[in-house]
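Below is one structure, written out as structure tokens; the observations come after it.
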Amino acid sequence: MNIPISEYPRVVIVGGGFAGISIAKHLLKEKIQVVLLDRHNYHTFQPLLYQVSTSGLEPDSIAYPLRKITRHSKDGYFRLTEVQRIIPEENKIKTSIGELAYDYLVLATGSRTNFFGNKSIEKNAMWMKTIPQALNIRSLILENLEQAVITEDPEKRKALLNFVVAGAGPTGVELCGAIAEVRNHIVPKDFRDLDPAEMEIHLVEGLDRVLPPMSAEASKKAEKFLRELGVDIHLNVMVQEYDGNKVTTNKEDLTFYTSTFIWAAGVSGAPVEGLNASALVDKADRYEVNVFNQVKGYENIFAIGDIALMSNEDYPKGHPMVAQPAIQQGKHLAKNIKRILNKEKMQAFEYNDKGTMATVGRNKAVVDLGNLKFGGFFAWFIWMFIHLYFLVGFRNRLITFFNWVYNYVNFDKAARLIIRPFKSNKENLEVDQKKV
């Protein structure tokens, strides 16, 4: 890998998501050799992926070059590679570009789409975990609208204009709200030969309310906002199959014929091969870690972020798989590694829950901040401010801000471009499911 031998301990970080860049930024200030590895050369701000998929933002607005994180450090390195295996008995990792030894290994590989073993959905549905996948959805939505304009077959036209999203968590809710705004504001202007009323948006959720992780009050408000936007919500409904044309559910009288079925119903960890099976929690595919983020059975291997499952009384199933736990664990582990090197005792991680929020569309959002729960314009303003604040890079914040202002003033989405033709998951399944 052309990583020079250093007089300082080497910390290898696998993954450039929220957790990976959080710990990297803090360790790069210390007398430590930091090697950051990822199969992409950029960090993705995943909370805004849905805006890329619905033409609200260009992908470079939510991506940040990982080399910019290490470039000011004399002993910090980035390598573009896929980690294939951990060899813990030799303190090495095997990657697509060679092997690398480590003193401390930090796994921040994040999560991947969880299809719960359903192969038909995995093969035929759309998923949104990466920028290429978001661009794929954008192309599919726009291509379907273009095709609907020239389609004379009413059944085919209905399928082209039928949009179904499975999973009413923040991703599904925000995605449906954004698609509804495309129908309400873009279609009437760009596609004057289409009747917007023909375009249906369905949100399917297996539980009894939208936004299950949030408060009942936020859930109720979000459902109200979605219905005002014209989204059809189907609760207590489980998707059983999707063959590329028809969505089958657990209710005999409820099926959807659609060319656009987006799966946003769950995620699991993205582990790397090589560690003991006992370290991996079944079904969740997350590494079991202690209060210091050490992977079970290993002293010098740590896991942070979505891939780490740290259970306690408040979080028996681990911390939420969102940005804040990842950022906080990265910062805390950097301090603990420094303590180890100074021969000091590590300190236990304590999660500071800063709240949960989701936007449903223009002037519509819900926010849970401890005992404070509110929705509407003020919540939407807070949502925008928080997301701008946590975007990596001043340029990204500036571009995103101006895009949002432009979209707000003009009721427009400027990035509605088919840059590349849509490709189905049948063609890209192996590539999209690769681990970091």
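Just so we're on the same page: first chain in the structure tokens is A, next is B, and so on; residues restart at 1 for each chain, and ligands are numbered from 1 in the order they show up.
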So that each row is one residue of stretch 26-45 of chain A with an atom at most 12 Å from stretch 88-112 of chain A, can you give its shortest atom pair and the distance in Å to one decimal, using only C-alpha atoms, rows by chain and rising number, as JSON lines?
```
{"residue": "A:Leu27", "atom": "CA", "partner": "A:Val106", "partner_atom": "CA", "distance": 11.7}
{"residue": "A:Ile32", "atom": "CA", "partner": "A:Asp103", "partner_atom": "CA", "distance": 10.3}
{"residue": "A:Gln33", "atom": "CA", "partner": "A:Asp103", "partner_atom": "CA", "distance": 9.8}
{"residue": "A:Val34", "atom": "CA", "partner": "A:Tyr102", "partner_atom": "CA", "distance": 9.8}
{"residue": "A:Val35", "atom": "CA", "partner": "A:Tyr102", "partner_atom": "CA", "distance": 9.2}
{"residue": "A:Leu36", "atom": "CA", "partner": "A:Val106", "partner_atom": "CA", "distance": 9.6}
{"residue": "A:Leu37", "atom": "CA", "partner": "A:Thr95", "partner_atom": "CA", "distance": 9.4}
{"residue": "A:Asp38", "atom": "CA", "partner": "A:Thr109", "partner_atom": "CA", "distance": 8.6}
{"residue": "A:Arg39", "atom": "CA", "partner": "A:Ser96", "partner_atom": "CA", "distance": 9.5}
{"residue": "A:His40", "atom": "CA", "partner": "A:Thr109", "partner_atom": "CA", "distance": 11.9}
{"residue": "A:His43", "atom": "CA", "partner": "A:Gly110", "partner_atom": "CA", "distance": 11.9}
{"residue": "A:Thr44", "atom": "CA", "partner": "A:Gly110", "partner_atom": "CA", "distance": 11.5}
```
inquiry  = If you run DSSP on the backbone here, which positions in stretch 187-396 of chain A get strand (DSSP E or B)? Please write them as a PyMOL selection string.
reply    = chain A and resi 200-204+232-234+239-242+246-249+255-257+260-263+267-269+273+280-281+286-289+294-295+301-303+308-309+356-361+364-369+372-375
ask   = So which residues touch A:Val237 within 9 Å, counting only C-alpha atoms, skipping near sequence neighbours fewer than 4 positions away, as a ChimeraX atom specification?
value = /A:204-208,249-251,254
Which of A:Asp314, A:Asp232, A:Glu152, A:Glu181 sits closest to A:Tyr351 [using only C-alpha atoms] =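 Between A:Asp314, A:Asp232, A:Glu152, A:Glu181, the residue approaching A:Tyr351 most closely is A:Asp314.
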query = stretch 197-200 of chain A: which residues within 8 Å, counting only C-alpha atoms, same-chain residues fewer than 5 positions away excluded, as a list in words?
reply =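 These residues fall inside the cut-off: Lys158, Leu161, Asn162, Phe163, Arg183, Val231 and Asp232 of chain A.
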